[in-house]
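Enquirer: Here you go, one structure.
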Amino acid sequence: MLRFVVSRIVSALPVVLGVACLVFLLIHLTPGDPVDVLLGESAQAADRMALRHALGLDQPLHLQLLHYLQALARFDLGVSVYSQRPVLDLLLERVPATLQLAAAALAVAIAIALPLGVVAAVRRGTAWDHAAMSYALVGAALPNFWLGPLLVLLFSVWLGWLPVSGREGLASLVLPALTLGTGMAAILARMTRSTLLEVLGEDYIRTARAKGLPERAVVLRHGLRNALLPIVTLLGLQLGALLGGAVITETIFSWPGIGQLTIEAIQRRDYPVVQGCVLFISLAYVVVNTATDLVYGWLDPRVRSGGE
């Protein structure tokens with residue numbers, strides 16, 4: 001198992017390096033100039049040149065990339081052009097909010113999707129199955145930028161039960177978590193149903209039933225446990241997206257996470273902060289996918305032996 005873990009971590013390192021280079025190049029190739037944002041278009045040419053030199057933007061692109069990678073090796077993400085604060089400090093301030101929202105949305109998705117998927121598989125062809133899959137279809141089709149304002153209108157404006165936006169207590173977490181978790185639950189429910197249906201047709205399930213095991217034990221202990229690999233895959237991909245900041249949802253609810261920081265930095269042409277945010281989002285995918293591989297090895301020894 002130790003060799004499997006080391007091999008997965010080592011294989012992720014080139015991906016991290018490639019992501020860092022790609023993020024830097026894409027940010028510097030996009031239109032916009034932070035000097036114009038800070039000084040305005042009417043600034044004197046001498047002031048513009050002095051600021052460009054102070055920010056290092058007058059150097060060739062390959063030298064800027066080299067300096068950026070050297071700084072990353074020291075865990076230095078640079079200083080914000082707008083606020084003159086270290087980018088790492090800005091990220092560390094916003095990461096807890098994003099982690100909280102991601103965990104809450106994941107909990108909502110699992111709490112909704114697993115029971116729906118299991119019931120739909122066990123009651124295949126019944127009204128339960130049709131109702132669960134109808135929810136999955138509707139939930140997957142609803143975009144966050146529409147569902148979020150609808151939930152605000154219903155639970156905040158009309159009923160007055162929950163805050164409209166911000167991060168003040170658990171009540172303000174409910175609507176963003178529902179907005180993110182609903183769409184994820186829809187996809188997860190369909191995956192759970194299809195995977196569980198395939199597993200329930202296996203010979204060992206019929207053997208377990210022939211031994212007289214209760215149906216609940218057959219479905220949950222033998223069926224759902226062996227159907228977890230595709231579900232874990234989907235959870236890993238979705239969790240990476242959630243850790244990426246859920247930009248639209250955080251913007252709608254003014255949730256002070258990585259997503260909202262990314263939008264603010266883009267509007268200000270704050271290159272170092274945008275690079276830091278996009279790098280964090282990208283690394284979140286890499287870390288979660290690597291962790292998913294490790295969970296594979298724990299769940300299925302065949303995967304572990306193949307990776308070694």
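Identifiers in this document derive from the order of the structure tokens: chains are assigned A, B, ..., residues are numbered from 1 separately in each chain, and ligands are numbered from 1 in order of occurrence.
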For Ile231 in chain A, list every protein, DNA or RNA residue within 12 Å, evaluated using only C-alpha atoms, and leave out those in the same chain fewer than 5 positions away; present the list as an MDAnalysis selection string.

Expert: chainID A and resid 110 113:114 117 184:185 187:196 224:226 236:239 292 295:296 299

Enquirer: With DSSP run on the backbone, what are the helix (DSSP H, G or I) residues within range 249-285 of chain A? I'd like them as an MDAnalysis selection string.

Expert: chainID A and resid 249:252 258:268 271:285

Enquirer: Counting only C-alpha atoms, figure out which residue out of A:His28, A:Pro256, A:Val247, A:Arg48 gets nearest to Pro60 in chain A.

Expert: A:His28

Enquirer: Let me make sure I understand: among A:Leu142, A:Gly212, A:Leu65, A:Ala54, which one has the smallest atom-to-atom distance to Ile27 in chain A if we use only C-alpha atoms?

Expert: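 Smallest separation from Ile27 in chain A among the options: A:Leu65.
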
Enquirer: List every residue of range 1-102 of chain A that has an atom at most 8 Å from any atom of range 260-282 of chain A, giving for each one its closest atom pair and the distance in Å to one decimal, counting only C-alpha atoms, sorted by chain and then by ascending residue number, as JSON lines.

Expert:
```
{"residue": "A:Val19", "atom": "CA", "partner": "A:Ser282", "partner_atom": "CA", "distance": 6.8}
{"residue": "A:Ala20", "atom": "CA", "partner": "A:Leu279", "partner_atom": "CA", "distance": 6.4}
{"residue": "A:Val23", "atom": "CA", "partner": "A:Gln275", "partner_atom": "CA", "distance": 6.4}
{"residue": "A:Phe24", "atom": "CA", "partner": "A:Gln275", "partner_atom": "CA", "distance": 6.4}
{"residue": "A:Ile27", "atom": "CA", "partner": "A:Gln275", "partner_atom": "CA", "distance": 6.8}
{"residue": "A:His28", "atom": "CA", "partner": "A:Tyr271", "partner_atom": "CA", "distance": 7.8}
{"residue": "A:Gly32", "atom": "CA", "partner": "A:Arg269", "partner_atom": "CA", "distance": 6.6}
{"residue": "A:Asp33", "atom": "CA", "partner": "A:Arg269", "partner_atom": "CA", "distance": 6.4}
{"residue": "A:Pro34", "atom": "CA", "partner": "A:Arg269", "partner_atom": "CA", "distance": 4.9}
{"residue": "A:Val37", "atom": "CA", "partner": "A:Arg268", "partner_atom": "CA", "distance": 6.3}
{"residue": "A:Leu77", "atom": "CA", "partner": "A:Gly276", "partner_atom": "CA", "distance": 6.3}
{"residue": "A:Gly78", "atom": "CA", "partner": "A:Pro272", "partner_atom": "CA", "distance": 6.0}
{"residue": "A:Val79", "atom": "CA", "partner": "A:Pro272", "partner_atom": "CA", "distance": 6.4}
{"residue": "A:Ser80", "atom": "CA", "partner": "A:Pro272", "partner_atom": "CA", "distance": 5.8}
{"residue": "A:Val81", "atom": "CA", "partner": "A:Asp270", "partner_atom": "CA", "distance": 5.5}
{"residue": "A:Tyr82", "atom": "CA", "partner": "A:Asp270", "partner_atom": "CA", "distance": 6.3}
{"residue": "A:Val87", "atom": "CA", "partner": "A:Val273", "partner_atom": "CA", "distance": 5.7}
{"residue": "A:Leu88", "atom": "CA", "partner": "A:Gly276", "partner_atom": "CA", "distance": 7.6}
{"residue": "A:Leu91", "atom": "CA", "partner": "A:Cys277", "partner_atom": "CA", "distance": 7.3}
{"residue": "A:Arg94", "atom": "CA", "partner": "A:Leu261", "partner_atom": "CA", "distance": 7.6}
```

Enquirer: What separation in Å, quoted to one decimal, exists between CA of Ser134 in chain A and CA of Ala186 in chain A?

Expert: 9.3 Å

Enquirer: Can you work out which one of A:Val174, A:Leu90, A:Val15, A:Leu26 has the shortest atom-to-atom distance to Val108 in chain A, counting only C-alpha atoms?

Expert: A:Val174

Enquirer: Considering only C-alpha atoms, return as a list in words whatever protein or nucleic-acid residues lie within 8 Å of Thr249 in chain A, sequence-local ones (same chain, fewer than 2 positions apart) excluded.

Expert: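 In the requested format, the answer is Asn144, Phe145, Gly148, Pro176, Thr179, Leu180, Ala246, Val247, Thr251, Ile252, Phe253 and Trp255 of chain A.
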
Enquirer: Given only C-alpha atoms, how would the per-residue table for range 97-126 of chain A near range 165-168 of chain A read, listing every residue at most 12 Å away with its closest atom pair and distance in Å to one decimal, sorted by chain and number, as JSON lines?

Expert:
```
{"residue": "A:Ala97", "atom": "CA", "partner": "A:Arg167", "partner_atom": "CA", "distance": 8.1}
{"residue": "A:Thr98", "atom": "CA", "partner": "A:Arg167", "partner_atom": "CA", "distance": 10.9}
{"residue": "A:Gln100", "atom": "CA", "partner": "A:Arg167", "partner_atom": "CA", "distance": 10.4}
{"residue": "A:Leu101", "atom": "CA", "partner": "A:Arg167", "partner_atom": "CA", "distance": 10.1}
```

Enquirer: From the options A:Ala291, A:Leu13, A:Ala43, A:Ala217, which residue's atoms come nearest to Val232 in chain A, counting only C-alpha atoms?

Expert: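 Looking only at the distances to Val232 in chain A, the closest residue turns out to be A:Ala291.
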
Enquirer: When you draw a straight line from CA of Ala109 in chain A to CA of Val288 in chain A, how long is it in Å?

Expert: 17.2 Å

Enquirer: For the atom pair CA of Leu55 in chain A and CA of Gly257 in chain A, what is the interatomic distance in Å to one decimal place?

Expert: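 The value is 26.1 Å.
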
Enquirer: Which is closest to Ala73 in chain A among A:Asp203, A:Ile9, A:Val16, A:Leu92, if we use only C-alpha atoms?

Expert: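 Closest to Ala73 in chain A, using only C-alpha atoms: A:Val16.
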
Enquirer: Which residue is closest to Thr207 in chain A? Choose from A:His222, A:Arg74, A:His62, A:Arg85 and count only C-alpha atoms.

Expert: A:His222
